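K.L.:
What follows is work-v4.txt, made up of compact mmCIF, C-alpha atoms:
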# COMPACT_ATOMS: atom_id res chain seq x y z
CA MET A 9 -0.25 99.12 276.55
CA ILE A 10 0.83 102.26 274.70
CA VAL A 11 -2.78 102.64 273.52
CA ILE A 12 -4.04 102.58 277.13
CA PHE A 13 -1.35 105.10 278.11
CA ILE A 14 -2.33 107.53 275.34
CA ARG A 15 -6.06 107.08 275.98
CA THR A 16 -5.51 107.79 279.70
CA LEU A 17 -3.54 110.91 278.85
CA ILE A 18 -6.22 112.15 276.44
CA LEU A 19 -9.00 111.57 278.98
CA TYR A 20 -6.96 113.22 281.75
CA ILE A 21 -6.48 116.32 279.58
CA LEU A 22 -10.17 116.24 278.68
CA VAL A 23 -11.31 116.07 282.33
CA ILE A 24 -8.89 118.87 283.32
CA PHE A 25 -10.26 120.97 280.44
CA GLY A 26 -13.77 120.19 281.60
CA MET A 27 -13.08 121.20 285.18
CA ARG A 28 -11.53 124.46 283.98
CA LEU A 29 -14.56 125.06 281.77
CA MET A 30 -16.87 124.55 284.75
CA GLY A 31 -14.90 127.21 286.60
CA LYS A 32 -13.51 127.86 290.08
CA ARG A 33 -16.85 127.31 291.82
CA GLN A 34 -16.76 123.65 290.86
CA LEU A 35 -13.41 123.17 292.57
CA GLY A 36 -14.59 124.60 295.89
CA GLU A 37 -17.92 123.85 297.48
CA LEU A 38 -20.16 121.63 295.40
CA GLN A 39 -23.81 122.26 294.69
CA PRO A 40 -25.90 119.05 294.41
CA SER A 41 -25.92 119.15 290.59
CA GLU A 42 -22.16 119.75 290.52
CA LEU A 43 -21.54 116.83 292.85
CA VAL A 44 -23.58 114.56 290.56
CA ILE A 45 -21.62 115.76 287.52
CA THR A 46 -18.28 115.23 289.27
CA ILE A 47 -19.17 111.67 290.33
CA LEU A 48 -20.46 110.83 286.84
CA ILE A 49 -17.41 112.25 285.08
CA SER A 50 -14.98 110.35 287.27
CA ASN A 51 -16.83 107.10 286.54
CA ILE A 52 -17.35 107.62 282.82
CA ALA A 53 -13.75 108.65 282.21
CA THR A 54 -12.46 105.34 283.58
CA LEU A 55 -14.53 103.15 281.20
CA PRO A 56 -12.59 103.78 277.96
CA ILE A 57 -9.33 103.80 279.93
CA GLU A 58 -9.90 100.25 281.22
CA ASP A 59 -11.57 98.77 278.16
CA THR A 60 -9.95 99.40 274.77
CA ALA A 61 -13.00 97.85 273.06
CA VAL A 62 -14.89 101.00 274.03
CA PRO A 63 -14.18 103.81 271.54
CA LEU A 64 -12.50 106.84 273.10
CA LEU A 65 -15.33 108.98 271.78
CA ALA A 66 -17.78 106.88 273.80
CA GLY A 67 -16.03 108.24 276.90
CA ALA A 68 -15.31 111.73 275.64
CA VAL A 69 -18.82 112.48 274.38
CA PRO A 70 -20.66 111.86 277.69
CA VAL A 71 -17.98 113.73 279.66
CA LEU A 72 -18.18 116.76 277.36
CA THR A 73 -21.98 116.57 277.21
CA LEU A 74 -22.25 116.59 281.02
CA ILE A 75 -19.82 119.50 281.33
CA CYS A 76 -21.61 121.52 278.65
CA PHE A 77 -25.00 120.90 280.28
CA GLU A 78 -23.58 121.94 283.63
CA VAL A 79 -22.23 125.21 282.16
CA ILE A 80 -25.54 125.93 280.40
CA LEU A 81 -27.54 125.00 283.51
CA SER A 82 -25.42 127.25 285.75
CA HIS A 83 -26.04 130.15 283.32
CA LEU A 84 -29.78 129.45 283.39
CA THR A 85 -29.87 129.21 287.20
CA MET A 86 -28.07 132.56 287.38
CA LYS A 87 -30.99 134.13 285.50
CA SER A 88 -33.83 132.25 287.23
CA THR A 89 -34.26 132.11 291.01
CA ARG A 90 -36.98 129.47 290.65
CA LEU A 91 -34.75 127.16 288.64
CA ARG A 92 -31.92 127.78 291.12
CA THR A 93 -34.21 126.67 293.96
CA ILE A 94 -35.28 123.55 292.03
CA ILE A 95 -31.72 122.54 291.14
CA SER A 96 -29.77 123.59 294.23
CA GLY A 97 -32.44 123.92 296.93
CA ARG A 98 -32.42 126.88 299.32
CA PRO A 99 -30.58 127.71 302.52
CA ARG A 100 -32.44 126.47 305.64
CA ILE A 101 -32.33 128.13 309.06
CA ILE A 102 -31.85 125.57 311.84
CA ILE A 103 -31.07 127.95 314.72
CA ARG A 104 -33.14 131.13 314.88
CA ASP A 105 -32.82 133.68 317.71
CA GLY A 106 -30.67 131.15 319.60
CA GLU A 107 -33.34 128.44 319.42
CA ILE A 108 -32.95 125.19 317.51
CA ASP A 109 -35.66 124.61 314.91
CA GLN A 110 -36.15 120.89 315.48
CA ASN A 111 -38.71 120.52 312.71
CA GLU A 112 -36.30 121.99 310.19
CA MET A 113 -33.53 119.71 311.46
CA ARG A 114 -35.81 116.70 311.13
CA SER A 115 -36.80 117.65 307.59
CA LEU A 116 -33.11 118.04 306.70
CA ARG A 117 -32.28 114.74 308.47
CA TYR A 118 -29.69 116.76 310.32
CA SER A 119 -28.71 115.08 313.60
CA VAL A 120 -27.53 116.81 316.78
CA ASP A 121 -24.13 115.22 316.17
CA ASP A 122 -23.99 116.76 312.69
CA LEU A 123 -24.88 120.14 314.15
CA MET A 124 -22.30 119.96 316.94
CA GLU A 125 -19.62 118.75 314.52
CA GLN A 126 -20.29 121.64 312.15
CA LEU A 127 -20.33 124.13 315.04
CA ARG A 128 -17.01 122.81 316.34
CA SER A 129 -15.51 123.20 312.88
CA LYS A 130 -16.51 126.88 313.17
CA ASP A 131 -14.76 127.09 316.59
CA VAL A 132 -18.06 127.16 318.46
CA PHE A 133 -18.22 124.67 321.32
CA ASP A 134 -21.21 126.10 323.16
CA LEU A 135 -24.58 126.08 321.42
CA GLN A 136 -25.68 129.06 323.49
CA GLU A 137 -23.22 131.30 321.62
CA VAL A 138 -25.17 130.92 318.38
CA GLU A 139 -27.80 133.45 317.34
CA LEU A 140 -28.46 132.14 313.85
CA ALA A 141 -27.31 129.02 311.97
CA VAL A 142 -28.06 128.37 308.31
CA VAL A 143 -27.49 125.15 306.37
CA GLU A 144 -26.33 126.34 302.96
CA THR A 145 -27.22 124.63 299.67
CA THR A 146 -23.73 123.10 299.62
CA GLY A 147 -24.45 121.44 303.00
CA SER A 148 -22.07 123.65 304.96
CA LEU A 149 -23.23 125.50 308.07
CA SER A 150 -23.00 129.27 308.36
CA ILE A 151 -23.34 130.76 311.82
CA TYR A 152 -23.91 134.19 313.31
CA LYS A 153 -22.86 134.47 316.96
CA LYS A 154 -24.76 136.30 319.69
CA ALA A 155 -23.43 139.82 320.33
CA PRO A 156 -21.42 139.04 323.53
CA TYR A 157 -19.57 136.21 321.78
CA GLN A 158 -18.68 138.01 318.58
CA THR A 159 -15.02 138.67 317.85
CA ALA A 160 -14.07 142.29 318.44
CA SER A 161 -12.91 144.12 315.36
CA VAL A 162 -10.71 147.21 315.09
CA LYS A 163 -13.74 149.45 314.79
CA ASP A 164 -14.99 148.25 318.19
CA LEU A 165 -11.74 149.36 319.84
CA PRO A 166 -10.70 152.93 320.67
CA ILE A 167 -7.75 152.85 318.32
CA LYS A 168 -7.11 154.45 314.95
CA ALA A 169 -6.84 151.83 312.28
CA VAL A 170 -4.54 152.36 309.35
CA SER A 171 -5.10 150.19 306.34
CA SER A 172 -1.91 148.63 305.10
CA PRO A 173 -1.37 147.87 301.43
CA VAL A 174 -1.56 144.20 300.42
CA PRO A 175 1.76 142.82 299.15
CA ALA A 176 2.06 140.84 295.93
CA VAL A 177 4.73 138.33 294.87
CA VAL A 178 7.05 139.98 292.33
CA VAL A 179 9.94 137.48 292.34
CA SER A 180 9.60 133.73 292.83
CA ASP A 181 12.68 131.50 292.76
CA GLY A 182 14.71 134.11 290.86
CA THR A 183 11.95 134.63 288.27
CA ILE A 184 10.10 137.92 287.87
CA ILE A 185 6.32 137.60 288.22
CA HIS A 186 4.90 140.14 285.79
CA ALA A 187 1.35 139.99 287.17
CA GLY A 188 2.78 141.01 290.58
CA LEU A 189 4.74 143.86 288.99
CA ALA A 190 1.59 145.16 287.30
CA TYR A 191 -0.30 144.97 290.62
CA CYS A 192 2.40 147.08 292.34
CA ASN A 193 2.70 149.51 289.39
CA LEU A 194 6.37 148.59 289.06
CA THR A 195 8.51 148.37 285.95
CA GLU A 196 11.26 145.76 285.62
CA LYS A 197 13.81 148.60 285.77
CA GLN A 198 12.36 149.86 289.07
CA LEU A 199 12.36 146.32 290.42
CA HIS A 200 16.04 145.87 289.58
CA GLN A 201 16.76 149.20 291.30
CA ILE A 202 14.93 148.07 294.48
CA ILE A 203 16.79 144.74 294.46
CA LYS A 204 20.13 146.53 294.01
CA LYS A 205 19.23 148.95 296.81
CA GLU A 206 18.53 145.98 299.11
CA GLY A 207 21.97 144.57 298.29
CA GLN A 208 20.59 141.46 296.54
CA ARG A 209 20.80 139.84 293.12
CA LEU A 210 17.68 138.65 291.26
CA GLU A 211 19.00 135.10 290.86
CA ASP A 212 19.65 134.88 294.64
CA ILE A 213 16.07 135.72 295.61
CA PHE A 214 13.78 132.87 296.72
CA LEU A 215 10.76 135.10 297.32
CA MET A 216 10.17 138.83 297.05
CA THR A 217 6.92 140.58 297.78
CA CYS A 218 6.19 144.25 297.20
CA THR A 219 3.34 146.60 298.06
CA CYS A 220 1.83 149.39 295.98
CA ASP A 221 3.99 151.87 297.89
CA HIS A 222 7.02 149.87 296.69
CA SER A 223 8.15 148.58 300.09
CA PRO A 224 9.85 145.21 299.53
CA TYR A 225 10.25 142.05 301.57
CA ILE A 226 12.97 139.68 300.39
CA VAL A 227 13.71 136.05 301.29
CA PRO A 228 17.09 135.03 299.81
CA ILE A 229 17.79 131.52 298.53
CA LYS A 230 19.52 129.39 301.17
CA GLN A 231 22.17 127.06 299.84
CA PRO A 232 21.77 123.51 301.22
CA LYS A 233 24.27 122.97 304.07
CA HIS A 234 26.82 120.22 303.63
CA ASP A 235 26.63 117.76 306.53
CA PRO A 236 29.89 115.75 306.84
CA SER A 237 28.22 113.17 309.13
CA LYS A 238 25.91 112.14 306.24
CA GLY A 239 28.78 110.75 304.18
CA GLY A 240 30.04 112.09 300.89
CA SER A 241 33.59 112.72 299.76
CA LEU A 242 36.30 113.86 302.14
CA MET B 23 -20.52 134.22 278.65
CA LYS B 24 -17.33 132.86 277.05
CA ARG B 25 -17.82 129.51 278.81
CA LEU B 26 -21.45 129.38 277.65
CA VAL B 27 -20.40 129.93 274.03
CA ILE B 28 -17.71 127.20 274.31
CA ALA B 29 -20.24 124.81 275.91
CA ILE B 30 -22.85 125.43 273.19
CA THR B 31 -20.19 125.04 270.47
CA ILE B 32 -18.99 121.72 271.94
CA LEU B 33 -22.59 120.47 272.20
CA GLY B 34 -23.14 121.46 268.57
CA LEU B 35 -19.98 119.58 267.54
CA ILE B 36 -21.05 116.50 269.51
CA LEU B 37 -24.46 116.51 267.80
CA LEU B 38 -22.77 116.97 264.41
CA ILE B 39 -20.35 114.08 264.99
CA GLY B 40 -23.24 111.94 266.29
CA GLY B 41 -25.29 112.73 263.19
CA LEU B 42 -22.38 112.00 260.85
CA SER B 43 -21.59 108.67 262.52
CA SER B 44 -25.25 107.61 262.31
CA TYR B 45 -25.35 108.65 258.65
CA GLN B 46 -22.25 106.55 257.97
CA VAL B 47 -23.82 103.50 259.62
CA TYR B 48 -27.05 104.12 257.66
CA CYS B 49 -25.19 104.29 254.31
CA PHE B 50 -23.25 101.11 255.08
CA GLN B 51 -26.38 99.29 256.21
CA LYS B 52 -28.23 100.30 253.02
CA ASP B 53 -25.44 99.06 250.71
CA ALA B 54 -24.73 95.96 252.80
CA VAL B 55 -28.34 94.77 252.87
CA VAL B 56 -28.55 95.03 249.06
CA LEU B 57 -25.35 92.96 248.67
CA LEU B 58 -26.47 90.38 251.22
CA GLU B 59 -29.84 89.96 249.48
CA GLN B 60 -28.05 89.55 246.15
CA MET B 61 -25.86 86.89 247.74
CA ALA B 62 -28.87 85.02 249.14
CA GLN B 63 -30.63 85.11 245.74
CA SER B 64 -27.49 83.91 243.91
CA ALA B 65 -27.07 81.07 246.40
CA GLU B 66 -30.74 80.04 246.09
CA SER B 67 -30.51 79.90 242.30
CA GLY B 68 -27.26 77.89 242.52
CA ARG B 69 -24.99 80.60 241.01
CA LEU B 70 -22.11 79.99 243.37
CA SER B 71 -19.47 82.02 241.52
CA ALA B 72 -21.76 85.07 241.49
CA ALA B 73 -22.41 84.58 245.22
CA ALA B 74 -18.66 84.33 245.88
CA GLU B 75 -18.02 87.54 243.91
CA THR B 76 -20.70 89.43 245.83
CA ALA B 77 -19.34 88.01 249.10
CA GLN B 78 -15.89 89.37 248.21
CA GLU B 79 -17.47 92.73 247.34
CA PHE B 80 -19.23 92.77 250.70
CA TYR B 81 -15.98 91.86 252.47
CA GLU B 82 -14.17 94.81 250.85
CA LEU B 83 -17.02 97.24 251.60
CA TRP B 84 -17.01 96.12 255.21
CA PHE B 85 -13.28 96.61 255.74
CA GLN B 86 -13.46 100.09 254.20
CA THR B 87 -16.27 101.06 256.56
CA LYS B 88 -14.93 99.31 259.66
CA HIS B 89 -11.93 101.63 259.97
CA SER B 90 -14.13 104.68 260.47
CA LEU B 91 -16.90 102.92 262.44
CA ILE B 92 -14.37 101.77 265.02
CA GLN B 93 -14.15 105.36 266.27
CA PHE B 94 -17.83 105.50 267.19
CA VAL B 95 -19.09 101.96 267.74
CA ARG B 96 -18.08 99.33 270.31
CA ARG B 97 -15.68 96.75 268.90
CA ASP B 98 -17.66 93.60 269.77
CA PRO B 99 -20.41 93.89 267.09
CA LEU B 100 -17.85 95.09 264.53
CA ASP B 101 -15.57 92.11 265.23
CA HIS B 102 -18.56 89.79 264.92
CA ILE B 103 -19.36 91.13 261.42
CA SER B 104 -15.65 90.93 260.47
CA ARG B 105 -15.48 87.25 261.40
CA GLN B 106 -18.68 86.41 259.51
CA ALA B 107 -17.67 88.45 256.45
CA ALA B 108 -14.33 86.62 256.25
CA GLN B 109 -16.10 83.23 256.16
CA LEU B 110 -18.58 84.06 253.37
CA PRO B 111 -16.26 83.89 250.30
CA VAL B 112 -14.73 80.61 251.53
CA LEU B 113 -18.16 78.97 252.06
CA ALA B 114 -19.26 80.06 248.58
CA GLN B 115 -16.01 78.81 247.09
CA TYR B 116 -16.39 75.32 248.57
CA GLY B 117 -20.10 75.08 247.90
CA ASP B 118 -21.45 74.88 251.45
CA MET B 119 -24.84 76.29 250.53
CA SER B 120 -26.60 75.75 253.85
CA GLY B 121 -23.75 77.37 255.80
CA PHE B 122 -23.59 80.22 253.30
CA ALA B 123 -27.34 80.90 253.55
CA ALA B 124 -27.27 80.80 257.36
CA LEU B 125 -24.28 83.12 257.51
CA THR B 126 -25.84 85.58 255.03
CA GLN B 127 -28.95 85.80 257.19
CA ASP B 128 -26.86 86.17 260.34
CA LEU B 129 -24.86 88.98 258.75
CA LYS B 130 -28.01 90.72 257.57
CA ASP B 131 -29.34 90.66 261.13
CA ALA B 132 -26.00 91.91 262.53
CA VAL B 133 -25.85 94.80 260.05
CA GLN B 134 -29.49 95.67 260.73
CA GLU B 135 -28.78 95.58 264.48
CA LEU B 136 -25.80 97.89 264.04
CA TRP B 137 -28.08 100.47 262.44
CA ASP B 138 -30.92 99.89 264.93
CA ASP B 139 -28.53 100.59 267.80
CA GLU B 140 -27.78 104.01 266.32
CA ILE B 141 -31.41 105.13 266.24
CA PRO B 142 -32.67 106.74 269.46
CA TYR B 143 -35.58 104.30 269.82
CA LEU B 144 -37.14 104.02 273.26
CA GLN B 145 -35.70 100.52 273.73
CA ASN B 146 -32.23 101.92 273.03
CA LEU B 147 -32.71 104.77 275.47
CA ILE B 148 -34.02 102.83 278.45
For the structure just supplied, provide its representation as structure tokens.
P.N.:
Amino acid sequence: MIVIFIRTLILYILVIFGMRLMGKRQLGELQPSELVITILISNIATLPIEDTAVPLLAGAVPVLTLICFEVILSHLTMKSTRLRTIISGRPRIIIRDGEIDQNEMRSLRYSVDDLMEQLRSKDVFDLQEVELAVVETTGSLSIYKKAPYQTASVKDLPIKAVSSPVPAVVVSDGTIIHAGLAYCNLTEKQLHQIIKKEGQRLEDIFLMTCTCDHSPYIVPIKQPKHDPSKGGSL
Amino acid sequence: MKRLVIAITILGLILLIGGLSSYQVYCFQKDAVVLLEQMAQSAESGRLSAAAETAQEFYELWFQTKHSLIQFVRRDPLDHISRQAAQLPVLAQYGDMSGFAALTQDLKDAVQELWDDEIPYLQNLI
């Protein structure tokens, strides 16, 4: 039993390492080749876990081989458009100038239900609002609305927009986040001064964000309330 | 680029380990076949004590090799050879010539199969 436990742990670490090696892209939307790799890895990794007669290397080697090929292939597809098209396909336009391209939909085996479902997920309930719709290589639908239905942005309105600096987390659960400090160009000493100025103590802060112009926002830690009705000592 | 270098390094390591494991199986197979043929010849000529000695030698060689092969090869064929190898010295000791000869041939086939499975022949790939 201990052997199975250790083998599971080793394979878990190996698969996590593999996913990290494949990068962030793998964790988000999957390209066809990435989907294949993910399915294969999840299946292969379970074999040596279940069957101790299978050497651990017999599970580790195919997992690592697949991951390495995926990394090499993604580098090659970055360099070659042709290879990228062969491996991942190309985006296909299914609504052009507000008109559905039925032939394209047929060739993609994309039903009207699929189209409506994808449109609804993009908050579009009326097909007439769509100017252009593209099925991406990941299978997701990207849409471009007709001009009257597009969301107004600040530049469309007669107001002066002022860009506000983006805040970063500098304290989380009483712990200083150094990456956040670096983003805000703050030193630890300056941070302590800001906290003191706000009348707080570092250990009492649940969350603190700060912008580049050093304006803070602090959420203090709330102590759990004691409810006498829920029992406990008198 | 860092990921690419890591991926190529890991692939290189995998190929190296694969090559080393195959080489280990090849070396064992080469030595084992010689011992098994010696055993068969000794048994045919009625030299039972010589056959028993060679069988013991084979048994020791196998258990030295098995510990490292277990990391690369499935256990079933290895366990099969272990069981057969353990029977050989006893059969030679008690003079069961027909059983000894059959087991020697069976072991020779099993060892040969172990090596054949390591070679990327078409029948192993498909």
K.L.:
Would you mind telling me which residue in B:Leu100, B:Cys49, B:Leu57, B:Leu70 lies nearest to chain A when using all atoms listed in the file?
P.N.:
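For chain A, the nearest of the given residues is B:Leu100.
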K.L.:
Given all atoms listed in the file as the basis, pick out the residue of B:Gln134, B:Ser104, B:Ser43, B:Gln93 nearest to chain A.
P.N.:
B:Gln93
K.L.:
Quick check: residues of chain B within 8 Å of chain A, all atoms listed in the file, returned as a ChimeraX atom specification.
P.N.:
/B:25-26,29-30,32-33,36,92-98
K.L.:
Taking all atoms listed in the file into account, which of B:Ile28, B:Val47, B:Ala124, B:Leu35 comes nearest Trp137 (chain B)?
P.N.:
B:Val47
K.L.:
For Ala73 (chain B), find every residue with an atom within 10 Å (counting only C-alpha atoms), except residues of its own chain fewer than 3 positions away, and show them as number ranges by chain.
P.N.:
B: 57-58, 60-70, 76-79, 110-111, 113-115, 122
K.L.:
With only C-alpha atoms as the counted atoms, please give the residues lying no more than 10 Å from Val55 (chain B), apart from itself and same-chain residues fewer than 2 positions off, as a PyMOL selection string.
P.N.:
chain B and resi 50-53+57-61+80+126-127+129-131+133-134
K.L.:
With only C-alpha atoms as the counted atoms, please give the residues lying no more than 12 Å from region 94-97 of chain A, apart from itself and same-chain residues fewer than 4 positions off, as number ranges by chain.
P.N.:
A: 38-44, 78, 81-82, 84-86, 88-90, 116, 143-147
K.L.:
Interatomic distance between CA of Lys230 (chain A) and CA of Ser180 (chain A)?
P.N.:
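Between CA of Lys230 (chain A) and CA of Ser180 (chain A) the gap works out to 13.7 Å.
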K.L.:
Please provide as a PyMOL selection string all residues within 12 Å of Gln231 (chain A), with the sequence filter that same-chain residues fewer than 6 positions apart are discarded (counting only C-alpha atoms).
P.N.:
chain A and resi 212-214
